[in-house]
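Q: Could you have a look at this structure, given as structure tokens, before my questions?
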Amino acid sequence: MLPSYYEFYNSVKIASGNKALENIPYELGQLGANRPLILTDQGVAKAGLTKLVIDSFAGSNVTIGAVYDSIPVDSSHLVVNQIAEIYRQKSCDSIIAVGGGSVIDTAKGVNIVVTEGSNDLLEFMGNNRLTKPMKPFIVVPTTGTGSEVTAAAVIMNTEKQTKMQFTSPYMLPKLAILDPRMTETMPPKITAATALDALTHAIEAFMGTQKNPISDAFATAAIVLIRDNIQNVLKNGKDKDSRLAMANAALLAGIAFSNSMVGCVHALAHALGGVCHVPHGIGNGIMLPHGMEYNLDAVPEHIAGLLLPLVGEERYVEIPPANRALEAIAAVRALSSMLEQATGIPLRLKDAGVPEDKLESIAKVAINDGAIAFNPKAMDFDDALRMLRAAY
Amino acid sequence: MIERDRYPDIEPGTKRAKNWVTGLSLYFLGMGIQAGYAIDPVIKQEIDDWPDPFTFLFSVINGPRMAIQKKDGLVRYLGQKAEVRADVEMCIKNPEFAFMLMVGQMSTQDAVAHNRQFVKGDLSQTLAVIRVMSRVQALLFPGFIAKNYINRVPSFSWLILRNRILLYGNCLLGAFQRN
Ligand SMILES: NC(=O)c1ccc[n+]([C@@H]2O[C@H](COP(=O)([O-])OP(=O)(O)OC[C@H]3O[C@@H](n4cnc5c(N)ncnc54)[C@H](O)[C@@H]3O)[C@@H](O)[C@H]2O)c1
Ligand SMILES: [Fe+2]
């Protein structure tokens with residue numbers, strides 16, 4: 001059944017595959033820019049990825065205005081404001097983000113501040129409140145969050161210890177570059193964590209209140225790619241085809257959830273990140289089966305609908321319709337156990353370094369997280385605490 | 001030259017009646033929050049967690065608005081005319097959507113799911129305000145009506161009935177005092 005109303009938007013040009021990086025100088029020219037600020041972090045720079053991007057400008061007429069390579073994990077509005085100052089002082093005219101979700105979200109924040117001619121990101125918190133087209137912005141993802149195609153950024157407020165949300169279609173990059181060279185250096189744990197993040201994006205978009213036929217198509221395509229490539233990518237990290245498939249999966253899931261949003265799992269993961277610094281993908285991976293169970297009585301048919309992409313046709317037809325929703329949750333559990341065995345990522349909150357006496361403050365932050373507004377069931381404090389305890 | 005008469009400007013129609021209904025409902029919502037803080041423990045507990053001072057503005061593009069302020073531990077409905085600098089503003093994109101929200105043809109959850117609104121300011125603070133508005137609606141309306149407005153109607157209790165009576169009493173008294 002179609003929703004009574006929905007919206008869908010995605011304007012990002014996608015360049016995926018062999019030598020995709022080498023398209024950047026041309027595309028930058030198309031955007032009327034020739035002095036980009038490159039944003040990245042230490043891990044990405046050490047893996048040699050920033051150099052690959054810089055090298056791709058050889059033979060062009062583009063001057064890189066500056067490279068800022070010390071964005072911290074879960075960076076804050078203070079970092080954003082500082083980088084905006086560099087952008088201005090070095091007269092840059094565009095932004096290229098090279099990194100995982102932390103770098104990309106920081107870059108989105110920087111673009112807001114420099115476009116609006118402000119000094120402080122905090123002035124622009126909220127959804128759909130920005131009104132100006134932004135500076136040319138290109139993203140080269142090196143993990144698999146899908147942030148390269150989302151109209152959202154999550155940035156830490158270090159004073160309040162919460163993650164602030166910003167959404168606006170203007171924040172969408174102009175171009176996303178998926179180059180298999182950029183993800184093959186990802187260590188197994190990060191590969192697993194970002195795969196769980198992408199899976200959570202697809203599943204929450206498929207369960208949520210903004211679910212629609214277009215985002216469903218992206219979400220299910222993402223799940224299929226993850227299902228078919230995750231094992232291979234862990235076994236052989238240098239396999240270009242599997243890496244590119246996983247990058248595409250993350251991108252597809254990103255388009256899905258940028259339009260249909262995420263729900264209670266992300267609300268809990270954001271709170272786990274804000275209060276206890278649990279990495280985003282790990283928090284999602286731990287909470288995902290609990291979130292599906294929580295939503296089961298509200299949207300059983302949507303959860304059952306996830307079984308086909310999760311397990312494939314042959315297995316699907318063997319399962320009677322009445323069991324499909326529970327089997328879908330079991331399939332997610334099986335996938336995360338496989339990732340635990342292959343990489344050692346934690347599957348319980350206590351193994352992720354969360355002190356038990358923090359669960360209440362986490363629940364309190366989670367019920368005020370913007371993502372909760374799109375969950376099919378209104379999660380209150382008691383519900384959140386119950387889920388956290390179950391995952392402990 | 002084009003024939004100007006053949007292609008006249010077309011001015012937009014008005015939504016006076018609907019905006020009047022929205023304005024009236026916003027009055028009950030605003031007064032309900034102010035009075036609810038004094039009489040309902042659930043509302044009090046939520047609002048005690050809000051920052052102080054804090055101003056929330058509910059607005060409709062080209063339509064009515066309503067502001068609520070918490071200051072020095074007091075909660076006040078600032079009325080419809082108040083020109084305030086709000087910490088958080090929830091803005092409804094069209095008077096039609098606001099009307100539907102107010103008469104229960106669109107739930108708050110659908111207004112969010114269908115992007116009929118946008119928020120300036122801290123989204124997490126907005127959720128806290130929405131919880132209070134939902135509680136006020138649960139107090140104002142019996143369950144079978146409230147379910148059109150909110151997606152989690154509290155089950156009936158004498159406390160709710162008592163507070164419903166007190167709330168209407170306060171709102172009507174407030175209207176009396178204002179005029
Ligand atoms: N805006 C969105 O749409 C969106 C979506 C998902 C996640 N996020 C945000 O993204 C953040 C998490 O991002 P993440 O999971 O990509 O992690 P991350 O960006 O924090 O990176 C994790 C670590 O991996 C390293 N790394 C990244 N790519 C590498 C590579 N190819 N080789 C070697 N090392 C590499 C980094 O240096 C870093 O140390 C969270 O803050 C989350 O809220 C945002
Ligand atoms: Fe995520």
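Each chain of the structure tokens is named A, B, ... in the order shown, its residues numbered from 1; ligands are numbered from 1 in display order.
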Using 10 Å as the limit and counting only C-alpha atoms, can you tabulate each residue of chain A that touches chain B, with its shortest atom-to-atom distance in Å and the two atoms involved, as a Markdown table?
A:
```
| residue | atom | partner | partner_atom | distance |
| --- | --- | --- | --- | --- |
| A:Pro3 | CA | B:His114 | CA | 9.5 |
| A:Ser4 | CA | B:His114 | CA | 8.9 |
| A:Tyr5 | CA | B:His114 | CA | 6.3 |
| A:Tyr6 | CA | B:His114 | CA | 5.9 |
| A:Glu7 | CA | B:His114 | CA | 7.3 |
| A:Leu122 | CA | B:Gly121 | CA | 8.5 |
| A:Glu123 | CA | B:Gly121 | CA | 7.7 |
| A:Phe124 | CA | B:Gly121 | CA | 7.0 |
| A:Met125 | CA | B:Gly121 | CA | 4.9 |
| A:Gly126 | CA | B:Gly121 | CA | 4.7 |
| A:Asn127 | CA | B:Val119 | CA | 5.3 |
| A:Asn128 | CA | B:Phe118 | CA | 5.8 |
| A:Arg129 | CA | B:Lys120 | CA | 6.0 |
| A:Leu130 | CA | B:Lys120 | CA | 9.2 |
| A:Thr162 | CA | B:Ser124 | CA | 9.5 |
| A:Lys163 | CA | B:Ser124 | CA | 9.5 |
| A:Met164 | CA | B:Asp122 | CA | 7.4 |
| A:Gln165 | CA | B:Leu123 | CA | 7.0 |
| A:Phe166 | CA | B:Leu123 | CA | 8.6 |
| A:Thr167 | CA | B:Phe118 | CA | 9.8 |
| A:Ser168 | CA | B:Phe118 | CA | 9.9 |
| A:Gly208 | CA | B:Ala113 | CA | 8.8 |
| A:Thr209 | CA | B:Ala113 | CA | 5.7 |
| A:Gln210 | CA | B:Ala113 | CA | 5.3 |
| A:Lys211 | CA | B:Ala113 | CA | 9.0 |
| A:Ser260 | CA | B:Ala113 | CA | 8.5 |
| A:Met261 | CA | B:Ala113 | CA | 9.2 |
| A:Val365 | CA | B:Ser124 | CA | 8.6 |
| A:Ala366 | CA | B:Ser124 | CA | 9.2 |
| A:Ile367 | CA | B:Leu127 | CA | 8.2 |
| A:Asn368 | CA | B:Ser124 | CA | 4.6 |
| A:Asp369 | CA | B:Ser124 | CA | 5.3 |
| A:Gly370 | CA | B:Ser124 | CA | 5.7 |
| A:Ala371 | CA | B:Ser124 | CA | 9.3 |
| A:Ile372 | CA | B:Leu127 | CA | 8.7 |
| A:Ala373 | CA | B:Val112 | CA | 7.1 |
| A:Phe374 | CA | B:Ala113 | CA | 6.3 |
| A:Asn375 | CA | B:Ala113 | CA | 9.4 |
| A:Pro376 | CA | B:Gln109 | CA | 9.3 |
| A:Lys377 | CA | B:Asn151 | CA | 8.2 |
| A:Ala378 | CA | B:Arg152 | CA | 7.0 |
| A:Met379 | CA | B:Arg152 | CA | 9.7 |
| A:Asp380 | CA | B:Arg131 | CA | 9.9 |
```
Q: Residues at most 8 Å from segment 133-140 of chain B, counting only C-alpha atoms, excluding those fewer than 3 positions away in the same chain, as a ChimeraX atom specification?
A: /B:29,32-33,36,42-43,129-130,143,146,149-150,153-154,160-161,163-164,167-168
Q: Would you output that residue set with N, CA, C and O atoms, as a PDB file, in the first residue's frame?
A:
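Output file out-v2.pdb follows:
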```
ATOM      1  N   LEU B  29      -4.307  25.257  23.376  1.00  0.00           N
ATOM      2  CA  LEU B  29      -3.043  24.537  23.553  1.00  0.00           C
ATOM      3  C   LEU B  29      -2.105  25.341  24.452  1.00  0.00           C
ATOM      4  O   LEU B  29      -1.510  24.815  25.395  1.00  0.00           O
ATOM      5  N   GLY B  32      -3.454  25.600  27.827  1.00  0.00           N
ATOM      6  CA  GLY B  32      -3.392  24.241  28.377  1.00  0.00           C
ATOM      7  C   GLY B  32      -2.008  23.927  28.910  1.00  0.00           C
ATOM      8  O   GLY B  32      -1.851  23.277  29.946  1.00  0.00           O
ATOM      9  N   ILE B  33      -0.983  24.388  28.208  1.00  0.00           N
ATOM     10  CA  ILE B  33       0.384  24.130  28.676  1.00  0.00           C
ATOM     11  C   ILE B  33       0.637  24.928  29.955  1.00  0.00           C
ATOM     12  O   ILE B  33       1.155  24.408  30.938  1.00  0.00           O
ATOM     13  N   GLY B  36      -1.523  23.381  32.570  1.00  0.00           N
ATOM     14  CA  GLY B  36      -1.088  21.995  32.785  1.00  0.00           C
ATOM     15  C   GLY B  36       0.143  21.929  33.673  1.00  0.00           C
ATOM     16  O   GLY B  36       0.289  21.000  34.476  1.00  0.00           O
ATOM     17  N   VAL B  42       2.683  15.030  35.048  1.00  0.00           N
ATOM     18  CA  VAL B  42       3.453  14.598  33.868  1.00  0.00           C
ATOM     19  C   VAL B  42       4.004  15.821  33.131  1.00  0.00           C
ATOM     20  O   VAL B  42       5.181  15.875  32.749  1.00  0.00           O
ATOM     21  N   ILE B  43       3.132  16.820  32.947  1.00  0.00           N
ATOM     22  CA  ILE B  43       3.562  18.032  32.251  1.00  0.00           C
ATOM     23  C   ILE B  43       4.624  18.766  33.076  1.00  0.00           C
ATOM     24  O   ILE B  43       5.633  19.231  32.548  1.00  0.00           O
ATOM     25  N   VAL B 129       8.947  19.418  23.656  1.00  0.00           N
ATOM     26  CA  VAL B 129       7.750  20.264  23.575  1.00  0.00           C
ATOM     27  C   VAL B 129       6.580  19.465  22.990  1.00  0.00           C
ATOM     28  O   VAL B 129       5.444  19.554  23.463  1.00  0.00           O
ATOM     29  N   ILE B 130       6.872  18.651  21.970  1.00  0.00           N
ATOM     30  CA  ILE B 130       5.802  17.856  21.365  1.00  0.00           C
ATOM     31  C   ILE B 130       5.175  16.913  22.400  1.00  0.00           C
ATOM     32  O   ILE B 130       3.966  16.720  22.443  1.00  0.00           O
ATOM     33  N   GLY B 143     -10.328   9.944  25.023  1.00  0.00           N
ATOM     34  CA  GLY B 143      -9.481   9.048  24.236  1.00  0.00           C
ATOM     35  C   GLY B 143      -9.892   8.874  22.789  1.00  0.00           C
ATOM     36  O   GLY B 143      -9.055   8.921  21.892  1.00  0.00           O
ATOM     37  N   ALA B 146      -8.807  11.971  21.133  1.00  0.00           N
ATOM     38  CA  ALA B 146      -7.375  12.206  21.266  1.00  0.00           C
ATOM     39  C   ALA B 146      -6.571  11.320  20.315  1.00  0.00           C
ATOM     40  O   ALA B 146      -5.516  11.714  19.825  1.00  0.00           O
ATOM     41  N   TYR B 149      -5.169  12.775  17.274  1.00  0.00           N
ATOM     42  CA  TYR B 149      -4.136  13.800  17.413  1.00  0.00           C
ATOM     43  C   TYR B 149      -2.775  13.194  17.740  1.00  0.00           C
ATOM     44  O   TYR B 149      -1.744  13.681  17.323  1.00  0.00           O
ATOM     45  N   ILE B 150      -2.800  12.176  18.587  1.00  0.00           N
ATOM     46  CA  ILE B 150      -1.534  11.642  19.091  1.00  0.00           C
ATOM     47  C   ILE B 150      -1.523  10.135  18.931  1.00  0.00           C
ATOM     48  O   ILE B 150      -2.577   9.514  18.836  1.00  0.00           O
ATOM     49  N   VAL B 153      -2.212   7.287  23.252  1.00  0.00           N
ATOM     50  CA  VAL B 153      -3.186   7.883  24.160  1.00  0.00           C
ATOM     51  C   VAL B 153      -3.078   7.190  25.519  1.00  0.00           C
ATOM     52  O   VAL B 153      -3.159   5.973  25.598  1.00  0.00           O
ATOM     53  N   PRO B 154      -2.876   7.978  26.602  1.00  0.00           N
ATOM     54  CA  PRO B 154      -2.792   7.318  27.909  1.00  0.00           C
ATOM     55  C   PRO B 154      -4.140   6.714  28.264  1.00  0.00           C
ATOM     56  O   PRO B 154      -5.179   7.240  27.882  1.00  0.00           O
ATOM     57  N   ILE B 160      -6.712  11.928  35.033  1.00  0.00           N
ATOM     58  CA  ILE B 160      -6.851  12.596  33.743  1.00  0.00           C
ATOM     59  C   ILE B 160      -8.176  13.353  33.688  1.00  0.00           C
ATOM     60  O   ILE B 160      -8.234  14.502  33.246  1.00  0.00           O
ATOM     61  N   LEU B 161      -9.240  12.727  34.176  1.00  0.00           N
ATOM     62  CA  LEU B 161     -10.548  13.376  34.139  1.00  0.00           C
ATOM     63  C   LEU B 161     -10.540  14.643  35.003  1.00  0.00           C
ATOM     64  O   LEU B 161     -10.984  15.711  34.579  1.00  0.00           O
ATOM     65  N   ASN B 163      -7.977  16.449  35.836  1.00  0.00           N
ATOM     66  CA  ASN B 163      -7.152  17.483  35.217  1.00  0.00           C
ATOM     67  C   ASN B 163      -7.796  18.063  33.963  1.00  0.00           C
ATOM     68  O   ASN B 163      -7.582  19.222  33.628  1.00  0.00           O
ATOM     69  N   ARG B 164      -8.608  17.221  33.273  1.00  0.00           N
ATOM     70  CA  ARG B 164      -9.309  17.738  32.093  1.00  0.00           C
ATOM     71  C   ARG B 164     -10.256  18.858  32.521  1.00  0.00           C
ATOM     72  O   ARG B 164     -10.298  19.924  31.909  1.00  0.00           O
ATOM     73  N   LEU B 167      -8.349  21.879  33.528  1.00  0.00           N
ATOM     74  CA  LEU B 167      -7.729  22.530  32.375  1.00  0.00           C
ATOM     75  C   LEU B 167      -8.741  23.402  31.630  1.00  0.00           C
ATOM     76  O   LEU B 167      -8.472  24.558  31.312  1.00  0.00           O
ATOM     77  N   TYR B 168      -9.935  22.837  31.358  1.00  0.00           N
ATOM     78  CA  TYR B 168     -10.966  23.633  30.681  1.00  0.00           C
ATOM     79  C   TYR B 168     -11.331  24.829  31.540  1.00  0.00           C
ATOM     80  O   TYR B 168     -11.488  25.942  31.044  1.00  0.00           O
TER      81      TYR B 168
END
```
Q: Within segment 107-148 of chain B, find each residue whose DSSP state, derived from the backbone, is alpha helix (DSSP H), and express the selection as a PyMOL selection string.
A: chain B and resi 108-113+123-140+143-146
Q: Kindly work out which residues sit at most 7 Å from ligand 1, using only C-alpha atoms and all ligand atoms, and give the list as a PyMOL selection string.
A: chain A and resi 41-44+47+73-74+99-103+105+142-147+150-155+182-187+190+193-194+197+254+258+270+279-281
Q: Excluding Lys71 of chain B and residues on its chain fewer than 2 positions from it, collect all residues at most 8 Å away from it, counting only C-alpha atoms, and give them as a short mmCIF file (atom, residue, chain, number, x, y, z; two decimals) with all heavy atoms, in the first residue's frame.
A:
```cif
data_model
loop_
_atom_site.label_atom_id
_atom_site.label_comp_id
_atom_site.auth_asym_id
_atom_site.auth_seq_id
_atom_site.Cartn_x
_atom_site.Cartn_y
_atom_site.Cartn_z
N ASP B 52 15.97 27.04 31.30
CA ASP B 52 15.30 28.23 31.85
C ASP B 52 16.28 29.40 31.71
O ASP B 52 17.39 29.32 32.26
CB ASP B 52 14.95 27.98 33.32
CG ASP B 52 14.06 29.07 33.91
OD1 ASP B 52 13.96 30.15 33.31
OD2 ASP B 52 13.48 28.82 34.98
N PRO B 53 16.00 30.45 30.97
CA PRO B 53 14.77 30.71 30.24
C PRO B 53 14.70 29.95 28.92
O PRO B 53 15.73 29.58 28.36
CB PRO B 53 14.86 32.22 29.96
CG PRO B 53 16.33 32.49 29.86
CD PRO B 53 16.99 31.53 30.81
N PHE B 54 13.47 29.76 28.43
CA PHE B 54 13.26 29.04 27.18
C PHE B 54 11.96 29.51 26.54
O PHE B 54 10.94 29.63 27.22
CB PHE B 54 13.19 27.53 27.47
CG PHE B 54 12.86 26.70 26.27
CD1 PHE B 54 13.82 26.47 25.28
CD2 PHE B 54 11.59 26.15 26.12
CE1 PHE B 54 13.51 25.71 24.16
CE2 PHE B 54 11.29 25.38 24.99
CZ PHE B 54 12.25 25.17 24.03
N GLN B 69 6.51 30.52 27.10
CA GLN B 69 7.80 30.86 27.68
C GLN B 69 7.96 30.28 29.08
O GLN B 69 7.02 30.31 29.88
CB GLN B 69 7.93 32.39 27.77
CG GLN B 69 9.31 32.82 28.24
CD GLN B 69 9.38 34.33 28.36
OE1 GLN B 69 8.60 34.94 29.08
NE2 GLN B 69 10.31 34.94 27.64
N GLY B 73 11.31 29.67 36.44
CA GLY B 73 10.47 28.60 36.98
C GLY B 73 8.98 28.78 36.73
O GLY B 73 8.17 27.99 37.19
N LEU B 74 8.62 29.81 35.96
CA LEU B 74 7.19 30.01 35.65
C LEU B 74 6.96 29.73 34.18
O LEU B 74 7.81 30.01 33.33
CB LEU B 74 6.78 31.45 35.95
CG LEU B 74 6.67 31.82 37.43
CD1 LEU B 74 6.39 33.31 37.57
CD2 LEU B 74 5.58 30.99 38.10
N VAL B 75 5.77 29.19 33.86
CA VAL B 75 5.44 28.91 32.47
C VAL B 75 4.30 29.82 32.06
O VAL B 75 3.27 29.89 32.74
CB VAL B 75 5.03 27.44 32.30
CG1 VAL B 75 4.58 27.18 30.87
CG2 VAL B 75 6.20 26.53 32.65
#
```
Q: Using DSSP on the backbone, list every residue of segment 98-169 of chain B that comes out as strand (DSSP E), and give them as a PyMOL selection string.
A: chain B and resi 117-120
Q: Just want the 10 Å neighbourhood of Ile24 of chain A, counted on only C-alpha atoms, with same-chain residues fewer than 6 positions away dropped. Output as a PyMOL selection string.
A: chain A and resi 15+30+53+56-57+60+62+96+138-140+175-177
Q: As a PyMOL selection string, please: the residues near Ser59 of chain B (cut-off 10 Å, only C-alpha atoms, same-chain neighbours under 4 positions excluded).
A: chain B and resi 26+63-67+80+89-93+95+98+117
Q: For the selection just defined, write its residues with all heavy atoms to a file, as a JSON list (two decimals), in the first residue's frame.
A:
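File written: result.json
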```json
[["chain", "number", "residue", "atom", "x", "y", "z"],
["B", 26, "LEU", "N", -4.99, 26.99, 19.08],
["B", 26, "LEU", "CA", -3.68, 27.33, 19.64],
["B", 26, "LEU", "C", -3.83, 27.99, 21.00],
["B", 26, "LEU", "O", -3.01, 27.81, 21.89],
["B", 26, "LEU", "CB", -2.90, 28.25, 18.68],
["B", 26, "LEU", "CG", -2.27, 27.54, 17.48],
["B", 26, "LEU", "CD1", -1.58, 28.56, 16.58],
["B", 26, "LEU", "CD2", -1.28, 26.49, 17.93],
["B", 63, "GLY", "N", 0.02, 32.44, 8.80],
["B", 63, "GLY", "CA", -1.11, 32.07, 9.66],
["B", 63, "GLY", "C", -0.84, 32.45, 11.09],
["B", 63, "GLY", "O", 0.11, 33.19, 11.38],
["B", 64, "PRO", "N", -1.66, 31.97, 12.01],
["B", 64, "PRO", "CA", -1.50, 32.34, 13.42],
["B", 64, "PRO", "C", -0.26, 31.72, 14.07],
["B", 64, "PRO", "O", 0.38, 30.85, 13.48],
["B", 64, "PRO", "CB", -2.77, 31.82, 14.08],
["B", 64, "PRO", "CG", -3.31, 30.80, 13.16],
["B", 64, "PRO", "CD", -2.82, 31.11, 11.78],
["B", 65, "ARG", "N", 0.07, 32.20, 15.25],
["B", 65, "ARG", "CA", 1.22, 31.69, 15.97],
["B", 65, "ARG", "C", 0.91, 31.66, 17.46],
["B", 65, "ARG", "O", -0.06, 32.26, 17.91],
["B", 65, "ARG", "CB", 2.43, 32.58, 15.69],
["B", 65, "ARG", "CG", 2.17, 34.01, 16.04],
["B", 65, "ARG", "CD", 2.90, 35.05, 15.17],
["B", 65, "ARG", "NE", 4.21, 34.75, 14.73],
["B", 65, "ARG", "CZ", 5.34, 35.23, 15.28],
["B", 65, "ARG", "NH1", 5.29, 36.00, 16.34],
["B", 65, "ARG", "NH2", 6.51, 34.95, 14.78],
["B", 66, "MET", "N", 1.76, 30.99, 18.20],
["B", 66, "MET", "CA", 1.51, 30.87, 19.63],
["B", 66, "MET", "C", 2.86, 30.68, 20.31],
["B", 66, "MET", "O", 3.69, 29.91, 19.84],
["B", 66, "MET", "CB", 0.63, 29.64, 19.81],
["B", 66, "MET", "CG", 0.27, 29.14, 21.15],
["B", 66, "MET", "SD", 1.42, 28.17, 22.08],
["B", 66, "MET", "CE", 1.29, 26.53, 21.40],
["B", 67, "ALA", "N", 3.10, 31.46, 21.36],
["B", 67, "ALA", "CA", 4.40, 31.35, 22.03],
["B", 67, "ALA", "C", 4.21, 30.95, 23.49],
["B", 67, "ALA", "O", 3.25, 31.36, 24.15],
["B", 67, "ALA", "CB", 5.16, 32.66, 21.95],
["B", 80, "GLN", "N", -0.95, 35.24, 21.04],
["B", 80, "GLN", "CA", -0.74, 35.06, 19.61],
["B", 80, "GLN", "C", 0.01, 36.23, 18.99],
["B", 80, "GLN", "O", 0.59, 36.10, 17.93],
["B", 80, "GLN", "CB", -2.10, 34.94, 18.92],
["B", 80, "GLN", "CG", -3.01, 34.00, 19.66],
["B", 80, "GLN", "CD", -3.76, 33.10, 18.72],
["B", 80, "GLN", "OE1", -3.76, 33.31, 17.52],
["B", 80, "GLN", "NE2", -4.38, 32.08, 19.26],
["B", 89, "GLU", "N", 11.62, 27.10, 17.20],
["B", 89, "GLU", "CA", 10.38, 27.42, 16.48],
["B", 89, "GLU", "C", 9.96, 26.24, 15.63],
["B", 89, "GLU", "O", 10.76, 25.70, 14.87],
["B", 89, "GLU", "CB", 10.58, 28.66, 15.58],
["B", 89, "GLU", "CG", 9.36, 28.96, 14.72],
["B", 89, "GLU", "CD", 9.50, 30.24, 13.90],
["B", 89, "GLU", "OE1", 10.51, 30.95, 14.06],
["B", 89, "GLU", "OE2", 8.59, 30.51, 13.09],
["B", 90, "MET", "N", 8.72, 25.83, 15.78],
["B", 90, "MET", "CA", 8.19, 24.82, 14.89],
["B", 90, "MET", "C", 7.25, 25.54, 13.93],
["B", 90, "MET", "O", 6.32, 26.22, 14.37],
["B", 90, "MET", "CB", 7.43, 23.76, 15.68],
["B", 90, "MET", "CG", 6.90, 22.65, 14.82],
["B", 90, "MET", "SD", 6.09, 21.44, 15.87],
["B", 90, "MET", "CE", 6.39, 19.97, 14.97],
["B", 91, "CYS", "N", 7.53, 25.40, 12.66],
["B", 91, "CYS", "CA", 6.79, 26.18, 11.67],
["B", 91, "CYS", "C", 6.03, 25.24, 10.73],
["B", 91, "CYS", "O", 6.62, 24.35, 10.12],
["B", 91, "CYS", "CB", 7.76, 27.06, 10.89],
["B", 91, "CYS", "SG", 6.93, 28.11, 9.72],
["B", 92, "ILE", "N", 4.73, 25.46, 10.61],
["B", 92, "ILE", "CA", 3.89, 24.63, 9.73],
["B", 92, "ILE", "C", 3.89, 25.28, 8.34],
["B", 92, "ILE", "O", 3.72, 26.50, 8.22],
["B", 92, "ILE", "CB", 2.45, 24.53, 10.28],
["B", 92, "ILE", "CG1", 2.47, 24.10, 11.75],
["B", 92, "ILE", "CG2", 1.60, 23.59, 9.44],
["B", 92, "ILE", "CD1", 2.95, 22.72, 12.02],
["B", 93, "LYS", "N", 4.07, 24.45, 7.29],
["B", 93, "LYS", "CA", 4.33, 25.02, 5.97],
["B", 93, "LYS", "C", 3.12, 25.67, 5.30],
["B", 93, "LYS", "O", 3.29, 26.45, 4.37],
["B", 93, "LYS", "CB", 4.91, 23.94, 5.04],
["B", 93, "LYS", "CG", 6.30, 23.44, 5.45],
["B", 93, "LYS", "CD", 6.77, 22.34, 4.50],
["B", 93, "LYS", "CE", 8.13, 21.79, 4.85],
["B", 93, "LYS", "NZ", 8.48, 20.61, 4.03],
["B", 95, "PRO", "N", -1.24, 27.00, 5.99],
["B", 95, "PRO", "CA", -2.36, 27.11, 6.93],
["B", 95, "PRO", "C", -3.27, 25.87, 6.90],
["B", 95, "PRO", "O", -3.87, 25.49, 7.90],
["B", 95, "PRO", "CB", -3.12, 28.35, 6.44],
["B", 95, "PRO", "CG", -2.09, 29.16, 5.73],
["B", 95, "PRO", "CD", -1.13, 28.18, 5.12],
["B", 98, "ALA", "N", -1.98, 23.28, 9.23],
["B", 98, "ALA", "CA", -2.19, 23.67, 10.63],
["B", 98, "ALA", "C", -3.63, 23.38, 11.02],
["B", 98, "ALA", "O", -3.91, 22.83, 12.08],
["B", 98, "ALA", "CB", -1.86, 25.14, 10.82],
["B", 117, "GLN", "N", 6.12, 20.31, 8.37],
["B", 117, "GLN", "CA", 6.65, 21.34, 9.26],
["B", 117, "GLN", "C", 8.17, 21.36, 9.16],
["B", 117, "GLN", "O", 8.76, 20.44, 8.60],
["B", 117, "GLN", "CB", 6.24, 21.06, 10.70],
["B", 117, "GLN", "CG", 6.41, 19.60, 11.14],
["B", 117, "GLN", "CD", 7.83, 19.12, 11.25],
["B", 117, "GLN", "OE1", 8.66, 19.81, 11.81],
["B", 117, "GLN", "NE2", 8.13, 17.95, 10.69]]
```
Q: Identify, on the basis of only C-alpha atoms, every residue whose closest approach to Val110 of chain A does not exceed 7 Å; exclude the query and any residue fewer than 5 positions from it along the same chain; express the result as an mmCIF file with C-alpha atoms, in the first residue's frame.
A:
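Writing the result to around.cif gives the following:
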```
data_model
loop_
_atom_site.group_PDB
_atom_site.id
_atom_site.type_symbol
_atom_site.label_atom_id
_atom_site.label_comp_id
_atom_site.auth_asym_id
_atom_site.auth_seq_id
_atom_site.Cartn_x
_atom_site.Cartn_y
_atom_site.Cartn_z
ATOM 1 C CA VAL A 80 33.600 23.050 12.428
ATOM 2 C CA ASN A 81 33.955 26.722 13.370
ATOM 3 C CA ILE A 83 37.831 24.886 9.863
ATOM 4 C CA ALA A 84 35.428 27.525 8.526
#
```
